[in-house]
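Below is data10.tsv, which holds TSV, C-alpha atoms.
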chain	number	residue	atom	x	y	z
A	1	MET	CA	23.80	13.66	13.38
A	2	GLN	CA	24.78	10.36	11.87
A	3	THR	CA	28.38	9.94	10.96
A	4	VAL	CA	29.66	8.29	7.84
A	5	GLU	CA	30.96	5.48	10.02
A	6	SER	CA	27.59	4.61	11.50
A	7	GLN	CA	25.94	5.12	8.15
A	8	THR	CA	28.25	2.56	6.62
A	9	ILE	CA	27.65	0.02	9.36
A	10	ASN	CA	23.89	0.46	9.00
A	11	THR	CA	23.97	-0.33	5.30
A	12	MET	CA	26.19	-3.39	5.36
A	13	SER	CA	23.25	-5.78	5.06
A	14	VAL	CA	21.42	-3.85	2.32
A	15	PRO	CA	21.11	-5.78	-0.95
A	16	LYS	CA	23.33	-4.47	-3.72
A	17	LYS	CA	20.83	-3.80	-6.43
A	18	GLY	CA	18.28	-1.23	-7.32
A	19	LEU	CA	16.69	0.70	-10.12
A	20	PRO	CA	17.19	4.40	-9.30
A	21	VAL	CA	13.91	6.23	-8.69
A	22	THR	CA	13.06	9.93	-8.79
A	23	ILE	CA	9.76	11.13	-7.35
A	24	ILE	CA	8.38	14.35	-8.82
A	25	THR	CA	5.96	16.21	-6.60
A	26	GLY	CA	4.35	19.64	-6.65
A	27	PHE	CA	0.94	21.28	-6.79
A	28	LEU	CA	-1.36	21.32	-9.80
A	29	GLY	CA	0.00	23.63	-12.45
A	30	SER	CA	3.54	23.62	-11.07
A	31	GLY	CA	4.96	22.09	-14.25
A	32	LYS	CA	5.23	18.39	-13.39
A	33	THR	CA	3.66	17.24	-16.64
A	34	THR	CA	5.86	19.54	-18.71
A	35	LEU	CA	8.89	18.17	-16.87
A	36	LEU	CA	7.81	14.56	-17.53
A	37	ASN	CA	7.41	15.33	-21.22
A	38	HIS	CA	10.85	16.97	-21.17
A	39	ILE	CA	12.31	13.79	-19.65
A	40	LEU	CA	10.56	11.44	-22.10
A	41	SER	CA	11.52	13.48	-25.14
A	42	ASN	CA	15.19	14.04	-24.34
A	43	GLN	CA	16.54	10.62	-23.47
A	44	GLN	CA	19.43	9.40	-25.57
A	45	GLY	CA	20.73	5.96	-24.73
A	46	ILE	CA	18.99	5.88	-21.34
A	47	LYS	CA	15.79	3.89	-21.01
A	48	THR	CA	13.52	5.73	-18.59
A	49	ALA	CA	10.12	4.59	-17.34
A	50	VAL	CA	7.71	7.29	-16.21
A	51	LEU	CA	4.78	6.36	-13.94
A	52	VAL	CA	1.87	8.80	-14.01
A	53	ASN	CA	-1.73	8.83	-12.94
A	54	GLU	CA	-2.99	9.60	-16.44
A	55	PHE	CA	-0.59	9.55	-19.37
A	56	GLY	CA	-3.13	11.11	-21.68
A	57	GLU	CA	-2.39	14.41	-19.98
A	58	ILE	CA	1.29	14.34	-20.83
A	59	GLY	CA	0.78	14.94	-24.53
A	60	ILE	CA	3.69	12.80	-25.69
A	61	ASP	CA	5.04	13.74	-29.09
A	62	ASN	CA	3.30	11.43	-31.59
A	63	GLU	CA	6.51	11.02	-33.54
A	64	LEU	CA	8.03	9.25	-30.53
A	65	ILE	CA	5.21	6.78	-29.94
A	66	ILE	CA	5.72	3.20	-31.16
A	67	SER	CA	2.71	1.58	-29.52
A	68	SER	CA	0.23	2.14	-26.74
A	69	ASP	CA	-2.42	0.24	-24.85
A	70	ASP	CA	-4.68	1.10	-21.94
A	71	SER	CA	-1.89	1.55	-19.44
A	72	MET	CA	1.42	1.82	-21.30
A	73	VAL	CA	2.99	3.84	-24.10
A	74	GLU	CA	6.26	2.76	-25.72
A	75	LEU	CA	8.52	5.36	-27.30
A	76	ASN	CA	11.08	4.85	-30.05
A	77	ASN	CA	13.86	6.22	-27.83
A	78	GLY	CA	13.50	3.27	-25.46
A	79	CYS	CA	11.43	5.09	-22.83
A	80	ILE	CA	8.03	3.96	-21.65
A	81	CYS	CA	5.16	5.71	-19.89
A	82	CYS	CA	2.93	3.67	-17.63
A	83	THR	CA	-0.16	4.63	-15.65
A	84	ILE	CA	-0.58	3.90	-11.97
A	85	ASN	CA	-4.07	2.45	-12.15
A	86	GLU	CA	-4.60	1.56	-8.51
A	87	ASP	CA	-1.46	0.19	-6.98
A	88	LEU	CA	1.95	1.82	-7.27
A	89	ILE	CA	3.75	-1.41	-6.40
A	90	GLN	CA	2.00	-3.31	-9.20
A	91	ALA	CA	2.82	-0.54	-11.67
A	92	VAL	CA	6.50	-0.77	-10.71
A	93	TYR	CA	6.41	-4.57	-11.10
A	94	LYS	CA	4.91	-4.16	-14.55
A	95	VAL	CA	7.90	-2.03	-15.54
A	96	LEU	CA	10.46	-4.31	-13.88
A	97	GLU	CA	9.03	-7.42	-15.52
A	98	ARG	CA	9.57	-6.12	-19.03
A	99	PRO	CA	12.27	-7.95	-21.01
A	100	GLU	CA	14.16	-4.74	-21.82
A	101	LYS	CA	16.19	-3.39	-18.94
A	102	ILE	CA	15.06	0.01	-17.65
A	103	ASP	CA	17.78	2.38	-16.44
A	104	TYR	CA	15.67	4.85	-14.53
A	105	LEU	CA	12.22	5.22	-13.00
A	106	VAL	CA	10.38	8.52	-12.55
A	107	VAL	CA	7.16	8.64	-10.52
A	108	GLU	CA	4.77	11.59	-10.50
A	109	THR	CA	2.62	12.17	-7.44
A	110	THR	CA	-0.82	13.76	-7.67
A	111	GLY	CA	-0.81	17.50	-7.14
A	112	LEU	CA	-2.32	17.52	-3.66
A	113	ALA	CA	-0.27	14.63	-2.37
A	114	ASP	CA	2.22	14.41	0.43
A	115	PRO	CA	5.21	12.70	-1.24
A	116	LEU	CA	6.22	10.78	1.89
A	117	PRO	CA	3.86	7.79	1.41
A	118	VAL	CA	5.17	7.38	-2.14
A	119	ALA	CA	8.75	7.55	-0.89
A	120	LEU	CA	7.99	5.04	1.85
A	121	THR	CA	6.56	2.66	-0.73
A	122	PHE	CA	10.07	2.44	-2.22
A	123	LEU	CA	11.83	2.49	1.14
A	124	GLY	CA	9.66	0.20	3.20
A	125	THR	CA	8.06	-2.43	0.97
A	126	GLU	CA	9.40	-5.28	-1.12
A	127	LEU	CA	10.38	-2.61	-3.66
A	128	ARG	CA	13.44	-1.81	-1.57
A	129	GLU	CA	14.92	-5.06	-2.85
A	130	MET	CA	14.63	-3.82	-6.43
A	131	THR	CA	14.80	-0.05	-6.37
A	132	ARG	CA	16.81	2.79	-4.83
A	133	LEU	CA	15.13	6.09	-4.01
A	134	ASP	CA	17.44	8.53	-5.74
A	135	SER	CA	15.73	11.86	-5.21
A	136	ILE	CA	12.50	13.71	-4.55
A	137	VAL	CA	12.08	16.74	-6.82
A	138	THR	CA	9.51	19.36	-5.79
A	139	MET	CA	8.12	21.65	-8.48
A	140	VAL	CA	6.87	25.07	-7.35
A	141	ASP	CA	4.86	27.46	-9.54
A	142	CYS	CA	6.36	30.87	-8.82
A	143	ALA	CA	3.31	32.58	-10.25
A	144	ASN	CA	0.79	30.77	-8.05
A	145	PHE	CA	2.48	29.59	-4.86
A	146	SER	CA	0.08	31.72	-2.86
A	147	LEU	CA	0.20	32.42	0.85
A	148	ASP	CA	-2.50	29.92	1.77
A	149	LEU	CA	-0.40	27.12	0.33
A	150	PHE	CA	2.15	27.81	3.04
A	151	ASN	CA	-0.50	26.77	5.54
A	152	SER	CA	-1.14	23.53	3.67
A	153	GLN	CA	0.29	20.38	5.20
A	154	ALA	CA	0.77	18.85	1.74
A	155	ALA	CA	2.70	21.88	0.49
A	156	LEU	CA	4.83	21.86	3.62
A	157	SER	CA	5.57	18.14	3.15
A	158	GLN	CA	6.46	18.66	-0.50
A	159	ILE	CA	8.99	21.30	0.47
A	160	THR	CA	10.26	19.44	3.55
A	161	TYR	CA	10.88	16.14	1.79
A	162	GLY	CA	12.10	17.59	-1.49
A	163	ASP	CA	15.78	16.98	-2.13
A	164	ILE	CA	15.77	19.49	-4.99
A	165	ILE	CA	13.18	22.27	-5.07
A	166	VAL	CA	12.52	23.73	-8.51
A	167	LEU	CA	11.13	27.26	-8.65
A	168	ASN	CA	9.42	27.03	-12.02
A	169	LYS	CA	7.76	29.62	-14.28
A	170	THR	CA	10.29	32.25	-13.26
A	171	ASP	CA	9.60	33.94	-16.61
A	172	LEU	CA	6.09	34.87	-15.45
A	173	VAL	CA	7.01	36.85	-12.33
A	174	ASP	CA	9.43	39.56	-11.30
A	175	GLU	CA	12.80	38.40	-10.01
A	176	ALA	CA	12.13	40.13	-6.69
A	177	ASP	CA	9.05	37.94	-6.22
A	178	VAL	CA	11.13	34.82	-6.90
A	179	ASP	CA	13.71	36.04	-4.39
A	180	SER	CA	11.08	36.51	-1.68
A	181	LEU	CA	9.56	33.10	-2.45
A	182	GLU	CA	12.99	31.52	-2.15
A	183	ILE	CA	13.54	33.19	1.22
A	184	ARG	CA	10.23	31.82	2.49
A	185	ILE	CA	11.07	28.32	1.28
A	186	ARG	CA	14.47	28.49	2.95
A	187	ASP	CA	12.64	29.37	6.16
A	188	MET	CA	10.58	26.20	5.70
A	189	LYS	CA	13.62	24.08	4.88
A	190	GLU	CA	17.02	25.21	6.00
A	191	GLY	CA	19.77	24.67	3.45
A	192	ALA	CA	17.33	23.71	0.69
A	193	ARG	CA	18.79	23.07	-2.76
A	194	ILE	CA	16.80	25.41	-4.98
A	195	LEU	CA	16.83	25.61	-8.78
A	196	ARG	CA	15.16	28.31	-10.85
A	197	THR	CA	13.62	27.34	-14.17
A	198	SER	CA	11.08	28.34	-16.74
A	199	LYS	CA	8.94	25.90	-18.71
A	200	SER	CA	10.28	23.03	-16.56
A	201	GLN	CA	13.59	23.03	-18.43
A	202	VAL	CA	15.51	21.29	-15.65
A	203	PRO	CA	18.94	19.99	-16.74
A	204	LEU	CA	18.32	16.25	-16.86
A	205	PRO	CA	21.61	15.21	-15.22
A	206	LEU	CA	20.28	16.96	-12.12
A	207	ILE	CA	17.38	14.54	-12.00
A	208	LEU	CA	18.69	11.39	-13.66
A	209	SER	CA	22.01	10.27	-12.22
A	210	VAL	CA	22.67	7.36	-14.55
A	211	GLY	CA	25.91	7.56	-16.45
A	212	LEU	CA	27.54	10.21	-14.29
A	213	PHE	CA	30.87	8.44	-14.19
A	214	GLU	CA	31.19	8.86	-17.94
A	215	SER	CA	31.46	12.59	-17.40
A	216	ASP	CA	33.70	12.91	-20.44
A	217	LYS	CA	30.92	11.48	-22.59
A	218	TYR	CA	28.57	14.19	-21.41
A	219	PHE	CA	30.80	16.89	-22.73
A	220	ASP	CA	32.69	15.56	-25.71
A	221	THR	CA	30.24	17.06	-28.19
A	222	GLU	CA	31.09	20.64	-27.30
A	223	GLU	CA	34.82	21.03	-26.95
A	224	GLU	CA	34.52	24.67	-26.10
A	225	HIS	CA	32.35	23.67	-23.15
A	226	HIS	CA	34.73	21.04	-21.83
A	227	ASP	CA	34.64	22.62	-18.40
A	228	HIS	CA	30.93	22.03	-17.79
A	229	ASP	CA	30.53	19.72	-14.83
A	230	HIS	CA	27.68	17.80	-13.28
A	231	HIS	CA	26.34	18.88	-9.91
A	232	HIS	CA	25.33	16.83	-6.88
A	233	ASP	CA	24.03	17.37	-3.36
A	234	HIS	CA	24.48	15.74	-0.02
A	235	ASP	CA	22.30	15.31	2.97
A	236	HIS	CA	23.40	13.86	6.22
A	237	ASP	CA	20.16	14.91	7.89
A	238	HIS	CA	18.19	12.47	5.77
A	239	CYS	CA	20.55	9.51	5.86
A	240	ASP	CA	18.21	7.48	7.97
A	241	HIS	CA	15.23	7.99	5.69
A	242	ASP	CA	16.95	6.26	2.79
A	243	HIS	CA	17.39	2.53	2.67
A	244	HIS	CA	20.34	2.49	0.37
A	245	HIS	CA	20.65	0.40	-2.67
A	246	ASP	CA	23.41	0.36	-5.16
A	247	HIS	CA	23.03	1.72	-8.61
A	248	HIS	CA	22.68	-1.45	-10.58
A	249	HIS	CA	25.59	-0.92	-12.94
A	250	ASP	CA	27.74	1.64	-14.67
A	251	HIS	CA	26.05	2.36	-17.95
A	252	ASP	CA	27.87	1.76	-21.14
A	253	HIS	CA	25.50	3.81	-23.22
A	254	ASP	CA	26.63	6.92	-25.02
A	255	HIS	CA	25.42	9.76	-22.83
A	256	HIS	CA	27.09	12.72	-24.47
A	257	ASP	CA	23.76	13.97	-25.80
A	258	HIS	CA	23.04	15.19	-22.29
A	259	SER	CA	25.74	17.83	-22.45
A	260	ASN	CA	23.44	20.41	-23.98
A	261	HIS	CA	21.24	20.17	-20.90
A	262	LEU	CA	24.00	21.53	-18.70
A	263	GLU	CA	25.49	24.20	-20.92
A	264	VAL	CA	23.18	26.92	-19.63
A	265	ASP	CA	22.75	28.86	-16.42
A	266	GLY	CA	26.22	28.17	-15.08
A	267	PHE	CA	25.81	24.43	-14.53
A	268	THR	CA	29.08	22.55	-14.45
A	269	SER	CA	30.42	19.17	-13.47
A	270	ILE	CA	33.53	18.43	-11.43
A	271	SER	CA	35.26	15.07	-11.72
A	272	PHE	CA	37.77	13.89	-9.13
A	273	ALA	CA	39.88	10.73	-9.15
A	274	SER	CA	42.70	9.50	-6.94
A	275	ASP	CA	44.57	6.29	-6.22
A	276	GLN	CA	44.82	7.35	-2.56
A	277	PRO	CA	42.13	6.75	0.09
A	278	PHE	CA	40.04	9.37	1.87
A	279	SER	CA	40.03	9.84	5.61
A	280	ILE	CA	36.44	9.24	6.72
A	281	ARG	CA	36.44	12.13	9.15
A	282	LYS	CA	37.92	14.54	6.61
A	283	PHE	CA	35.37	13.53	3.98
A	284	GLN	CA	32.56	13.86	6.53
A	285	TYR	CA	33.82	17.37	7.31
A	286	PHE	CA	33.79	18.22	3.60
A	287	LEU	CA	30.17	17.08	3.27
A	288	ASP	CA	29.01	18.79	6.45
A	289	ASN	CA	30.85	22.09	6.22
A	290	GLN	CA	32.33	22.73	2.79
A	291	LEU	CA	30.08	21.33	0.07
A	292	PRO	CA	28.31	24.32	-1.52
A	293	GLU	CA	24.52	24.48	-1.48
A	294	SER	CA	24.69	24.94	-5.24
A	295	VAL	CA	25.96	21.37	-5.60
A	296	PHE	CA	22.76	19.52	-6.42
A	297	ARG	CA	24.01	16.06	-7.19
A	298	ALA	CA	27.00	13.78	-6.73
A	299	LYS	CA	27.97	10.21	-7.33
A	300	GLY	CA	31.10	8.32	-6.49
A	301	ILE	CA	33.00	5.14	-5.81
A	302	LEU	CA	34.83	5.88	-2.56
A	303	TRP	CA	37.82	4.30	-0.88
A	304	PHE	CA	38.27	5.08	2.81
A	305	ASP	CA	41.52	4.42	4.62
A	306	GLU	CA	39.60	2.95	7.55
A	307	SER	CA	37.60	0.43	5.53
A	308	PRO	CA	38.37	-2.56	3.29
A	309	LYS	CA	35.03	-2.03	1.51
A	310	ARG	CA	34.17	-0.28	-1.74
A	311	HIS	CA	31.60	2.43	-0.98
A	312	ILE	CA	29.05	3.69	-3.48
A	313	PHE	CA	28.09	7.29	-2.79
A	314	HIS	CA	24.99	9.06	-4.10
A	315	LEU	CA	23.95	12.58	-3.29
A	316	SER	CA	20.80	14.39	-4.37
A	317	GLY	CA	19.71	17.65	-2.87
A	318	LYS	CA	20.59	17.38	0.80
A	319	ARG	CA	20.29	13.60	0.99
A	320	PHE	CA	23.26	11.33	0.60
A	321	THR	CA	23.51	7.58	0.72
A	322	LEU	CA	26.56	5.39	1.19
A	323	GLU	CA	26.45	1.69	0.37
A	324	ASP	CA	29.00	-1.04	0.92
A	325	ASP	CA	30.32	-3.30	-1.80
A	326	GLU	CA	33.42	-5.38	-2.46
A	327	TRP	CA	36.38	-4.18	-4.50
A	328	LYS	CA	36.79	-6.10	-7.74
A	329	GLY	CA	40.03	-4.37	-8.69
A	330	THR	CA	42.55	-1.97	-7.26
A	331	PRO	CA	40.89	0.43	-4.77
A	332	LYS	CA	40.62	4.03	-5.96
A	333	ASN	CA	38.45	7.11	-5.52
A	334	GLN	CA	36.12	8.45	-8.22
A	335	LEU	CA	33.73	11.31	-7.58
A	336	VAL	CA	31.53	13.46	-9.81
A	337	LEU	CA	29.73	16.60	-8.59
A	338	ILE	CA	27.16	18.64	-10.51
A	339	GLY	CA	26.31	22.17	-9.50
A	340	GLN	CA	25.74	25.75	-10.44
A	341	ASN	CA	28.41	28.46	-10.47
A	342	LEU	CA	30.93	26.22	-8.73
A	343	ASP	CA	34.45	27.25	-7.80
A	344	HIS	CA	36.23	24.25	-9.32
A	345	GLU	CA	39.66	24.97	-7.91
A	346	THR	CA	38.47	25.42	-4.32
A	347	ILE	CA	36.24	22.33	-4.36
A	348	LYS	CA	38.95	20.14	-5.87
A	349	GLU	CA	41.40	21.44	-3.28
A	350	GLN	CA	38.93	20.65	-0.48
A	351	ILE	CA	38.35	17.12	-1.80
A	352	ASN	CA	42.08	16.65	-2.24
A	353	SER	CA	42.62	17.56	1.40
A	354	CYS	CA	40.38	14.62	2.38
A	355	LEU	CA	43.02	12.20	1.09
A	356	CYS	CA	45.48	10.48	3.38
A	357	LEU	CA	48.38	8.12	2.93
A	358	PRO	CA	47.34	4.47	3.26
A	359	ALA	CA	47.60	3.26	6.85
A	360	VAL	CA	49.79	0.24	7.63
A	361	ASN	CA	46.89	-1.58	9.27
A	362	ARG	CA	44.30	-0.63	6.69
A	363	GLY	CA	41.52	-3.12	6.13
A	364	LYS	CA	40.46	-3.83	9.69
A	365	GLY	CA	37.00	-2.50	8.87
A	366	PHE	CA	34.57	-0.50	10.96
A	367	GLY	CA	33.87	-1.26	14.56
A	368	LYS	CA	36.40	-4.09	14.70
Now, as a test, write the supplied structure out as structure tokens.
Amino acid sequence: MQTVESQTINTMSVPKKGLPVTIITGFLGSGKTTLLNHILSNQQGIKTAVLVNEFGEIGIDNELIISSDDSMVELNNGCICCTINEDLIQAVYKVLERPEKIDYLVVETTGLADPLPVALTFLGTELREMTRLDSIVTMVDCANFSLDLFNSQAALSQITYGDIIVLNKTDLVDEADVDSLEIRIRDMKEGARILRTSKSQVPLPLILSVGLFESDKYFDTEEEHHDHDHHHDHDHDHCDHDHHHDHHHDHDHDHHDHSNHLEVDGFTSISFASDQPFSIRKFQYFLDNQLPESVFRAKGILWFDESPKRHIFHLSGKRFTLEDDEWKGTPKNQLVLIGQNLDHETIKEQINSCLCLPAVNRGKGFGK
């Protein structure tokens, strides 16, 4: 298993830029299109671009549409929907070349596709200079994920490479059937991060990580829900399959409209801040052994006692990335976790125990 130390060394030369990308995969009828429509219709202050094979199938609310041509639809909330005519890379360039800055990119794979080639397009081509693969979300239709699909290589790949697996249409089947499906998926992917939804109503902060540091903004609309926290996931197993790129900036938009997407089903967000550094080994232990499987997402600016660098941390599902940057101010730790039914006190105590007093010889860096 890779350690945080080696992970950090490996990413020192990675460019510090990147539009965060979520890939949505899943078989036909699993709810991908409904989820895309949910994303496009519920953005407030975040400009999201959605790449699809055929946007006519999405059925975007006509009240949102400003203009459309053969391959692009513009919405009045700042989002756009673009078709992937032939080449995914060209479609991404078309989005990136627009004068308005896009905050987030969502790509839908075709229903029978293995998501890995799409992921590798972002990880292994010139797109890695401009984008950062944030997460792969796998939609599963609880009502129709039949036994033969378990023998399908594409279905296996969708589960294997999914950072967050969404068991959708839970309203159409008995809970016992969902339980047995979840057990089978956990057999296919140990430690999988699994969400249960109906009608693709996935809390958007679980998919779109922009703005997570303004956690107060998420929740200031509902004072009685001030405790609701974002959730994040980590994956050391997949470190090497992410070329890490920094989130391009901290967003100044007003994100509090997202709060209503978390105030159901026990989703909460935990924010942690400290002016003391973490011990790398203690933080690694927290990620490997203590972080609950119900933490689906995390984001942080981390300060390690052993390093002079500023480290940007992203976690989605079981995958985490750690990127190096330079401190522009006083070093400090900031971390936001989003999860379901989290024990806030225990998790904060565990994170707190990762802190250490600054070492006298701090700043020598890794491997020096």
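Among the candidates A:Val173, A:Ala91, A:Leu208, A:Cys82, the residue lying nearest to A:Ile39 is A:Leu208 (atoms considered: only C-alpha atoms).
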Separation of atom CA of A:Leu40 from atom CA of A:Ser68 in Å
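Going from atom CA of A:Ser68 over to atom CA of A:Leu40 covers 14.7 Å.
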Rank nothing, just name the residue among A:Leu302, A:Val107, A:Ile159, A:Leu337 nearest to A:Thr48, using only C-alpha atoms.
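Using only C-alpha atoms, the shortest distance to A:Thr48 belongs to A:Val107.
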Rounded to one decimal in Å, what is the spacing between atom CA of A:Ile270 and atom CA of A:Val295?
10.0 Å
Give me, as a PyMOL selection string, all polymer residues having an atom no more than 8 Å from A:His314, counting only C-alpha atoms and skipping those fewer than 5 positions away in the same chain.
chain A and resi 134+234+297-300+320-322
Given only C-alpha atoms as the counted atoms, nearest of A:Asp141, A:Gln201, A:Val95, A:Gly191 to A:Val178
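Among the listed residues, the smallest separation from A:Val178 belongs to A:Asp141.
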